[in-house]
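**Q** Below is one structure. I have some questions about it.
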Amino acid sequence: MAKYIVKRIISAIITIWFIMTLTFILMNSIPGDPMSMGKALQPEVEAAVKAKYGLDKPLIEQYLTYLKNYTHGDFGVSFQKIGLTTNRIIADGFPYSLKIGGWSSLFIIVAGIGSGIISALKQNKIPDRVMMIVSTLGATVPSFVFATLFLYVFNRKLGWVPSFGAGTWKHYIGPVLCIGMFSLAYVTRLTRTSVLDVLQQDYIRTARAKGLSEGVVIIKHALRNALIPVVTYLGPMIASLITGSFVVEKVFGIAGIGSLFTTSITNRDYTLIMGITVFFGIFIVIATLIVDVLYVFIDPRIKYD
Amino acid sequence: MENIKMSPDMWTPLEKHEKDAEKVSRQSLTFWQDVKRRLKENKVAMVSLVAIVIVILACVFVPMFYPITFESQILDFANIGIMMDIYEVDGSYFYMNGEYYLIDVTSDGTLLKKHPLVKDDTANKRYIYDFNGQEVIVDYSPYFNAKVEYMNLEKKAKKDPSIDLTEAKFNLDNAKKVEIKAGDEILNPVDRVHNKTYILGTDNLGRDMFIRILHGGRISLIVGFVAAFVNLIIGVLYGGIAGYVGGKADNIMMRVVDVISAIPTLLYVILLMVVMGNGMMPIIIALSITYWLSMARLVRGQVLGLKEQEFVLAAQSLGASTKRIMLRHLVPNMMGPIMVSATMQIPSAIFTEAFLSFVGLGVSAPQASWGSLCNDALLTYMTYPYQLFLPALAISITILAFNLFSDGLRDALDPKQRK
Amino acid sequence: MSDKLLEVKDLRTSFFTHLGEVKAIRGISFDVEKGESIGIVGESGSGKSVTSLSIMKLLLYPGKIVGGEILFNGEDLVNKTNKDMMAIRGNEIAMIFQDPMTSLNPVYTIGDQIAEAIMKHQKLSRKEAHERSLEMLKLVNIPDPEKRIHNFPHEFSGGMRQRAMIAIALSCQPQLLIADEPTTALDVTIQAQILDLMKSLNAKLDTSTMLITHDLGVVADVCSRVVVMYGGLIMEKGSIRDIYYEPRHPYTMGLLKSIPKVASDEKQRLIPIPGTPPDLLNPPTGCPFYARCEYAMRICNTQQPPYFKSEDGKHESMCWLLHPDAPKNEKYELLKGGVKIGK
């Protein structure tokens with residue numbers, strides 16, 4: 001088992017290296033001097049920055065400096081927001097996104113699994129049909145449509161919810177719901193399919209043949225197996241929450257990492273783009289790693305190769 | 001036994017044909033005929049297919065014949081919605097737009113032109129017009145004044161808590177936004193008509209929403225289909241080779257896929273778009289070279305599975321060449337899941353394109369894609385919701401139709417359901 | 001007071017599908033006495049598995065018992081609620097199934113799965129139940145039981161898994177063990193081991209066994225009486241001697257003929273029974289086997305034959321050829337004296 005975990009860690013490190021390298025290559029393949037895109041700096045400052053980040057040196061050297069800096073946690077300096085390091089910018093915005101993402105994850109897991117189970121147990125009856133329609137919509141309607149629709153109805157028409165910012169808990173309802181819509185729909189369907197599939201299995205018949213009550217059969221035997229595929233979705237779910245944040249934070253006016261990322265794109269702030277991309281990469285890779293390790297404890301059948 | 005009436009001929013042996021022992025109750029169909037039949041029976045999938053065809057036909061053909069193009073803008077007609085409240089003065093009809101300017105219209109909703117201002121009385125917050133000698137005044141002062149009063153009071157209240165804002169707020173909330181008077185008579189709308197000139201309204205530059213949505217559809221659909229097609233090719237080649245060759249090469253190829261897919265594809269697309277800039281070609285390229293991963297995995301899995309099956313072994317032992325094996329045996333069996341996957345790529349691509357445009361990375365003006373239309377409308381959608389929600393509806397319906405159809409296709413291909 | 005553990009009387013079970021009512025069992029009657037083992041033999045679709053599921057009341061939607069009685073120790077199971085049945089399942093009547101790989105829950109250890117039944121029915125503590133599990137593993141001859149009790153199903157071989165299933169089934173010392181094709185999914189050598197195990201346990205624990213199979217060879221090894229089913233009805237029933245050496249039903253004869261003879265010097269063709277089983281959505285009105293029977297007569301596809309019994313009443317067969325007025329068929333008469341298995 002330890003071997004498996006070590007392998008996964010190595011794989012994670014390779015992925016992080018890969019995304020760092022790819023980002024570096026892409027950002028440096030844009031014609032023009034990155035520093036010329038920003039506001040003009042004083043010559044001494046410009047020279048100091050250039051020296052620190054080796055911007056006047058050949059590309060390979062720049063790359064190595066870049067790798068060195070990044071592994072030491074120095075993600076560089078923003079060329080648009082003068083005076084701020086990327087690290088600082090990320091640190092400022094991250095808490096908002098984390099809060100939204102955290103609540104959203106909780107919501108998705110509880111509501112998604114719950115409705116999936118109910119749907120499966122009441123297959124083809126009204127609760128199931130309703131939930132299937134809702135989840136189909138949730139999986140197909142783009143998140144920005146949800147977000148704007150949500151605000152239009154609940155802010156403009158009903159006035160229940162503030163329209164931007166991140167002050168009170170009311171500010172969070174919209175983002176938490178909208179960012180998770182797609183994943184919620186996916187988890188519901190996944191759980192439903194999984195439960196239905198498991199209920200067909202022979203070992204469920206064996207459990208009933210032992211004289212166990214239906215409740216025990218479902219909770220102890222069926223769910224324990226049915227939830228395994230759902231756990232494998234947790235990694236992609238986090239990725240989905242991150243990409244969802246780009247849109248949702250923009251619509252709801254929240255200064256989280258997602259909107260920072262979109263702004264840095266619009267402003268062509270290359271160091272910030274690189275920094276945030278690598279940050280996302282690391283975050284996702286670590287989250288996936290944790291889920292993979294978790295999976296080992298859940299499914300005894302896993303082959304360690 | 002006593003109740004049974006026996007007659008001697010009861011004991012005569014039955015002829016073979018009377019026994020119909022080998023009777024097969026239903027005609028057997030080929031696999032694909034069965035698939036087609038099941039698909040046709042699936043009403044949801046059929047409706048979705050019809051919807052998709054309608055969308056495609058509309059987006060391709062309507063702009064060719066429609067009198068208004070997607071780029072033409074008439075600023076005077078900016079931000080006019082689908083329904084208009086029209087007023088009447090002396091036989092002339094007019095409509096008041098969001099900026100309180102008056103536009104001449106016909107009684108059935110065709111827009112004519114902006115009505116010339118006689119005077120822009122900024123001091124008194126009103127516009128003065130002339131309709132065949134009749135003076136018409138558009139007075140927007142009530143709300144304006146109430147708002148100014150409220151805001152001043154609010155400022156004072158910050159320093160002096162004893163000041164009560166409730167009455168001022170009440171006045172503000174109940175103040176009339178604008179009042180139209182013809183002489184002494186207050187005018188109220190006489191009718192609510194459909195906008196006949198622009199059936200889905202106009203955007204903030206006076207461009208026709210209907211045609212822009214259709215035109216946007218062209219872009220979104222082209223991106224969707226081309227990207228899905230290229231993904232299909234790359235994925236099938238990569239996965240097919242990996243699966244068929246097997247061994248170390250397969251291992252390495254799949255490791256590469258694993259490393260790449262650890263990061264959400266959207267991130268790669270965004271990075272590529274930053275490098276390549278805006279436009280339709282960059283989007284297609286970016287989508288094409290990133291979304292093939294899942295297809296490759298699928299194809300490889302299929303090839304690996306089929307490779308082991310007996311009929312491949314049988315073909316090999318009969319001396320069939322590798323190429324023949326791949327084409328005649330492997331491909332037809334893989335077609336099902338591949339088709340389903342490809343059909344699901346299309347809405348995925350459309351969604352991604354919309355997403356990109358929404359964050360500012362899509363096509364550039366004046367080109368319109370559904371996503372960019374939504375993005376353009378973002379600033380003003382609270383006041384002009386239709387500008388956002390119509391393209392959003394177009395996206396949602398199209399994606400929904402594709403998804404439902406591919407679901408239906410998947411169900412039709414699933415042999416476990418062979419009834 | 002009868003000695004009969006189980007009496008099935010005119011049992012009828014149907015599946016109400018959207019295509020119509022599929023009459024899987026159309027009126028079968030048989031008994032199981034205390035301590036005996038009987039075999040239920042038939043092809044796929046004959047209704048033998050449905051019989052066992054009906055007895056255990058484990059039929060899933062859209063299956064339903066539509067008539068008859070199932071008397072277990074004198075009490076009719078058909079009317080019992082699911083709650084009542086839960087006390088009986090695993091406790092007084094236990095069942096093992098065909099595919100041991102899929103019949104065991106992959107995420108719990110073997111020990112847990114055995115202990116579960118024990119804890120439910122015998123109210124033992126966890127510790128005590130695990131000790132019992134260990135004993136059961138030893139009883140079914142699992143090597144190294146102290147270690148194996150902590151294994152997961154995928155760490156067991158096919159034969160070992162089936163032994164584990166038997167351990168689970170017998171853990172609460174049921175009076176009746178129903179085994180639905182227990183060896184079909186196993187190799188022949190393992191098959192023999194499992195059958196031997198079942199025979200010895202049958203004797204040791206005084207459990208009655210109802211063995212369901214399509215394989216006449218297996219039945220001969222383990223059972224003392226045989227019930228032959230086809231098309232949802234019983235074609236013939238009797239003792240091993242009756243069935244194997246004095247068969248009366250053409251279907252039984254066909255089954256015996258189709259068993260390949262392993263030890264033979266001559267080269268022989270396999271003799272299958274041509275044709276396919278009847279459609280139970282629209283079951284034939286007469287004898288279900290008529291379409292594949294080489295002796296079929298006009299009466300066979302119009303009237304369902306009654307059961308013709310032997311003198312001691314223990315050997316019954318449903319065939320018009322046994323009617324006193326029926327014409328004598330040479331071939332049939334020859335086979336009556338027993339079919340040399342494989343010839």
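Following the order of the structure tokens, chains are lettered A, B, ..., residues in each are numbered from 1, and ligands are numbered from 1.
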For the strand (DSSP E or B) assignment from backbone DSSP, which residues of segment 3-138 of chain C qualify? Please present them as number ranges by chain.
**A** C: 4-17, 20-33, 37-41, 63-72, 75-76, 89, 93-96
**Q** So that I can check the secondary structure, give me every residue of segment 146-204 of chain A assigned alpha helix (DSSP H) by backbone DSSP, as a short mmCIF file (atom, residue, chain, number, x, y, z; two decimals) with C-alpha atoms, in the first residue's frame.
**A**
data_model
loop_
_atom_site.label_atom_id
_atom_site.label_comp_id
_atom_site.auth_asym_id
_atom_site.auth_seq_id
_atom_site.Cartn_x
_atom_site.Cartn_y
_atom_site.Cartn_z
CA PHE A 146 -27.69 29.95 -13.43
CA ALA A 147 -25.74 32.71 -11.78
CA THR A 148 -27.34 35.51 -13.75
CA LEU A 149 -30.78 33.97 -13.51
CA PHE A 150 -30.37 33.55 -9.78
CA LEU A 151 -29.41 37.18 -9.32
CA TRP A 169 -23.99 34.94 4.72
CA LYS A 170 -26.64 36.15 2.33
CA HIS A 171 -23.91 37.07 -0.08
CA TYR A 172 -22.83 33.48 -0.15
CA ILE A 173 -26.08 31.74 -0.99
CA GLY A 174 -25.94 32.54 -4.67
CA PRO A 175 -22.31 31.65 -5.28
CA VAL A 176 -22.50 28.44 -3.26
CA LEU A 177 -25.56 27.25 -5.15
CA CYS A 178 -24.47 28.29 -8.60
CA ILE A 179 -20.91 27.11 -8.45
CA GLY A 180 -22.00 23.68 -7.45
CA MET A 181 -24.94 23.21 -9.80
CA PHE A 182 -23.18 21.08 -12.35
CA SER A 183 -21.44 18.88 -9.81
CA LEU A 184 -24.63 18.50 -7.81
CA ALA A 185 -26.43 17.25 -10.88
CA TYR A 186 -23.59 14.90 -11.71
CA VAL A 187 -23.34 13.49 -8.20
CA THR A 188 -27.09 12.92 -8.05
CA ARG A 189 -27.09 10.94 -11.26
CA LEU A 190 -23.93 9.09 -10.38
CA THR A 191 -25.27 8.07 -6.99
CA ARG A 192 -28.57 7.02 -8.46
CA THR A 193 -26.99 4.87 -11.14
CA SER A 194 -24.58 3.39 -8.67
CA VAL A 195 -27.25 2.51 -6.14
CA LEU A 196 -29.48 0.99 -8.80
CA ASP A 197 -26.56 -1.01 -10.11
CA VAL A 198 -25.57 -2.25 -6.67
CA LEU A 199 -29.12 -3.26 -5.82
CA ASP A 202 -26.03 -10.96 -6.16
CA TYR A 203 -24.59 -10.09 -2.78
CA ILE A 204 -27.68 -8.03 -2.04
#
**Q** Excluding Thr197 of chain B and its own-chain neighbours fewer than 6 positions away, which residues fall within 8 Å of it when counting only C-alpha atoms? Please give them as number ranges by chain.
**A** B: 109-111
**Q** Give me, as a PyMOL selection string, all polymer residues having an atom no more than 10 Å from segment 12-26 of chain A, counting only C-alpha atoms and skipping those fewer than 3 positions away in the same chain.
**A** (chain A and resi 6-9+29-30+59+62-64+66-67+70-71+270-271+273-275+277-286+288-289) or (chain B and resi 256+258-263+268+271-276)
**Q** Sort by chain and increasing residue number a table of all residues of chain B within 10 Å of chain A, each with its closest pair of atoms and their distance in Å to one decimal, counting only C-alpha atoms, and write it as JSON lines.
**A**
{"residue": "B:Arg255", "atom": "CA", "partner": "A:Ser11", "partner_atom": "CA", "distance": 9.1}
{"residue": "B:Val256", "atom": "CA", "partner": "A:Thr15", "partner_atom": "CA", "distance": 9.6}
{"residue": "B:Asp258", "atom": "CA", "partner": "A:Thr15", "partner_atom": "CA", "distance": 8.8}
{"residue": "B:Val259", "atom": "CA", "partner": "A:Thr15", "partner_atom": "CA", "distance": 5.3}
{"residue": "B:Ile260", "atom": "CA", "partner": "A:Thr15", "partner_atom": "CA", "distance": 7.2}
{"residue": "B:Ser261", "atom": "CA", "partner": "A:Thr15", "partner_atom": "CA", "distance": 9.1}
{"residue": "B:Ala262", "atom": "CA", "partner": "A:Val285", "partner_atom": "CA", "distance": 6.7}
{"residue": "B:Ile263", "atom": "CA", "partner": "A:Gly281", "partner_atom": "CA", "distance": 6.2}
{"residue": "B:Pro264", "atom": "CA", "partner": "A:Ala239", "partner_atom": "CA", "distance": 6.1}
{"residue": "B:Thr265", "atom": "CA", "partner": "A:Ala239", "partner_atom": "CA", "distance": 9.5}
{"residue": "B:Leu266", "atom": "CA", "partner": "A:Thr243", "partner_atom": "CA", "distance": 7.2}
{"residue": "B:Leu267", "atom": "CA", "partner": "A:Thr277", "partner_atom": "CA", "distance": 7.5}
{"residue": "B:Tyr268", "atom": "CA", "partner": "A:Thr23", "partner_atom": "CA", "distance": 8.8}
{"residue": "B:Ile270", "atom": "CA", "partner": "A:Ile265", "partner_atom": "CA", "distance": 8.7}
{"residue": "B:Leu271", "atom": "CA", "partner": "A:Leu26", "partner_atom": "CA", "distance": 7.1}
{"residue": "B:Leu272", "atom": "CA", "partner": "A:Leu26", "partner_atom": "CA", "distance": 7.2}
{"residue": "B:Met273", "atom": "CA", "partner": "A:Ile265", "partner_atom": "CA", "distance": 9.6}
{"residue": "B:Val274", "atom": "CA", "partner": "A:Ile265", "partner_atom": "CA", "distance": 6.9}
{"residue": "B:Val275", "atom": "CA", "partner": "A:Ile30", "partner_atom": "CA", "distance": 5.6}
{"residue": "B:Met276", "atom": "CA", "partner": "A:Ile30", "partner_atom": "CA", "distance": 8.0}
{"residue": "B:Gly277", "atom": "CA", "partner": "A:Ile30", "partner_atom": "CA", "distance": 9.5}
{"residue": "B:Pro347", "atom": "CA", "partner": "A:Thr140", "partner_atom": "CA", "distance": 8.5}
{"residue": "B:Ser348", "atom": "CA", "partner": "A:Thr140", "partner_atom": "CA", "distance": 9.2}
{"residue": "B:Phe351", "atom": "CA", "partner": "A:Pro142", "partner_atom": "CA", "distance": 6.8}
{"residue": "B:Thr352", "atom": "CA", "partner": "A:Pro142", "partner_atom": "CA", "distance": 9.2}
{"residue": "B:Ala354", "atom": "CA", "partner": "A:Pro142", "partner_atom": "CA", "distance": 8.5}
{"residue": "B:Phe355", "atom": "CA", "partner": "A:Val247", "partner_atom": "CA", "distance": 7.8}
{"residue": "B:Leu356", "atom": "CA", "partner": "A:Val247", "partner_atom": "CA", "distance": 9.6}
{"residue": "B:Phe358", "atom": "CA", "partner": "A:Val247", "partner_atom": "CA", "distance": 7.6}
{"residue": "B:Val359", "atom": "CA", "partner": "A:Thr262", "partner_atom": "CA", "distance": 6.3}
{"residue": "B:Gly360", "atom": "CA", "partner": "A:Thr266", "partner_atom": "CA", "distance": 6.7}
{"residue": "B:Leu361", "atom": "CA", "partner": "A:Thr266", "partner_atom": "CA", "distance": 8.0}
{"residue": "B:Gly371", "atom": "CA", "partner": "A:Phe144", "partner_atom": "CA", "distance": 9.6}
{"residue": "B:Cys374", "atom": "CA", "partner": "A:Val145", "partner_atom": "CA", "distance": 8.7}
{"residue": "B:Asn375", "atom": "CA", "partner": "A:Phe144", "partner_atom": "CA", "distance": 9.5}
{"residue": "B:Leu378", "atom": "CA", "partner": "A:Val251", "partner_atom": "CA", "distance": 8.0}
{"residue": "B:Leu379", "atom": "CA", "partner": "A:Val251", "partner_atom": "CA", "distance": 9.6}
{"residue": "B:Tyr381", "atom": "CA", "partner": "A:Tyr152", "partner_atom": "CA", "distance": 8.2}
{"residue": "B:Met382", "atom": "CA", "partner": "A:Tyr152", "partner_atom": "CA", "distance": 6.4}
{"residue": "B:Thr383", "atom": "CA", "partner": "A:Arg156", "partner_atom": "CA", "distance": 9.2}
{"residue": "B:Pro385", "atom": "CA", "partner": "A:Tyr152", "partner_atom": "CA", "distance": 8.0}
{"residue": "B:Leu388", "atom": "CA", "partner": "A:Thr148", "partner_atom": "CA", "distance": 8.4}
{"residue": "B:Phe389", "atom": "CA", "partner": "A:Val145", "partner_atom": "CA", "distance": 7.6}
{"residue": "B:Pro391", "atom": "CA", "partner": "A:Val145", "partner_atom": "CA", "distance": 9.6}
{"residue": "B:Ala392", "atom": "CA", "partner": "A:Val145", "partner_atom": "CA", "distance": 6.1}
{"residue": "B:Leu393", "atom": "CA", "partner": "A:Val145", "partner_atom": "CA", "distance": 8.4}
{"residue": "B:Ile395", "atom": "CA", "partner": "A:Val141", "partner_atom": "CA", "distance": 7.7}
{"residue": "B:Ser396", "atom": "CA", "partner": "A:Val141", "partner_atom": "CA", "distance": 5.0}
{"residue": "B:Ile397", "atom": "CA", "partner": "A:Val141", "partner_atom": "CA", "distance": 8.2}
{"residue": "B:Thr398", "atom": "CA", "partner": "A:Thr140", "partner_atom": "CA", "distance": 9.2}
{"residue": "B:Ile399", "atom": "CA", "partner": "A:Thr140", "partner_atom": "CA", "distance": 6.0}
{"residue": "B:Leu400", "atom": "CA", "partner": "A:Thr140", "partner_atom": "CA", "distance": 5.6}
{"residue": "B:Ala401", "atom": "CA", "partner": "A:Thr140", "partner_atom": "CA", "distance": 9.2}
{"residue": "B:Phe402", "atom": "CA", "partner": "A:Thr140", "partner_atom": "CA", "distance": 9.4}
{"residue": "B:Asn403", "atom": "CA", "partner": "A:Thr140", "partner_atom": "CA", "distance": 7.5}
{"residue": "B:Leu404", "atom": "CA", "partner": "A:Thr136", "partner_atom": "CA", "distance": 8.6}
**Q** Could you name the residues that touch Glu149 of chain B at 12 Å or less, counting only C-alpha atoms, but leaving out those on the same chain fewer than 6 positions away, as a ChimeraX atom specification?
**A** /B:141-143,155-156,165,167-172,175
**Q** Define the interface residues of chain A facing chain C as those within 12 Å, counting only C-alpha atoms, and report them as a VMD selection string.
**A** chain A and resid 198 to 217 220 to 228 296 to 303
**Q** Could you name the residues that touch segment 42-58 of chain B at 6 Å or less, counting only C-alpha atoms, but leaving out those on the same chain fewer than 2 positions away, as a PyMOL selection string?
**A** chain B and resi 39-40+60-62+401+404-405+408
**Q** Deliver the residues from the most recent selection as a file, using N, CA and C atoms, as a compact mmCIF listing (two decimals), in the first residue's frame.
**A**
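Generated file (out-v8.txt):
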# COMPACT_ATOMS: atom_id res chain seq x y z
N LEU B 39 -33.75 3.54 -30.93
CA LEU B 39 -33.59 4.99 -30.93
C LEU B 39 -34.88 5.66 -31.36
N LYS B 40 -35.50 5.11 -32.41
CA LYS B 40 -36.73 5.73 -32.90
C LYS B 40 -37.82 5.68 -31.84
N VAL B 60 -28.05 28.28 -40.06
CA VAL B 60 -27.36 28.29 -41.34
C VAL B 60 -28.12 29.11 -42.38
N PHE B 61 -29.41 28.89 -42.48
CA PHE B 61 -30.14 29.48 -43.60
C PHE B 61 -30.79 30.84 -43.34
N VAL B 62 -31.33 31.03 -42.16
CA VAL B 62 -32.08 32.28 -41.96
C VAL B 62 -31.24 33.53 -42.20
N ALA B 401 -30.48 19.57 -25.85
CA ALA B 401 -30.89 18.68 -26.93
C ALA B 401 -29.78 17.69 -27.27
N LEU B 404 -29.47 15.10 -24.38
CA LEU B 404 -30.55 14.13 -24.35
C LEU B 404 -30.42 13.15 -25.52
N PHE B 405 -30.03 13.69 -26.67
CA PHE B 405 -29.89 12.80 -27.81
C PHE B 405 -28.77 11.79 -27.58
N GLY B 408 -29.91 9.14 -25.32
CA GLY B 408 -30.76 8.21 -26.04
C GLY B 408 -29.93 7.27 -26.91
**Q** Near chain B, meaning an atom within 6 Å, which residues of chain C appear when counting only C-alpha atoms? Write them as a VMD selection string.
**A** chain C and resid 275 291 296 to 299
**Q** Between atom CA of Ser29 of chain C and atom CA of Thr51 of chain C, what is the spacing in Å?
**A**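 Here the two named atoms are 10.5 Å from each other.
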**Q** Of the residues C:Ile40, C:Leu216, C:Leu321, C:Ile65, which is the one nearest to Pro260 of chain C, using only C-alpha atoms?
**A**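 Checking each candidate against Pro260 of chain C, we get C:Leu216 as the closest.
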**Q** What's around segment 6-17 of chain C at 9 Å? Count only C-alpha atoms, leave out sequence neighbours fewer than 4 positions away in its own chain, and write the answer as number ranges by chain.
**A** C: 21-34, 50-51, 54-55, 61-74, 176, 232
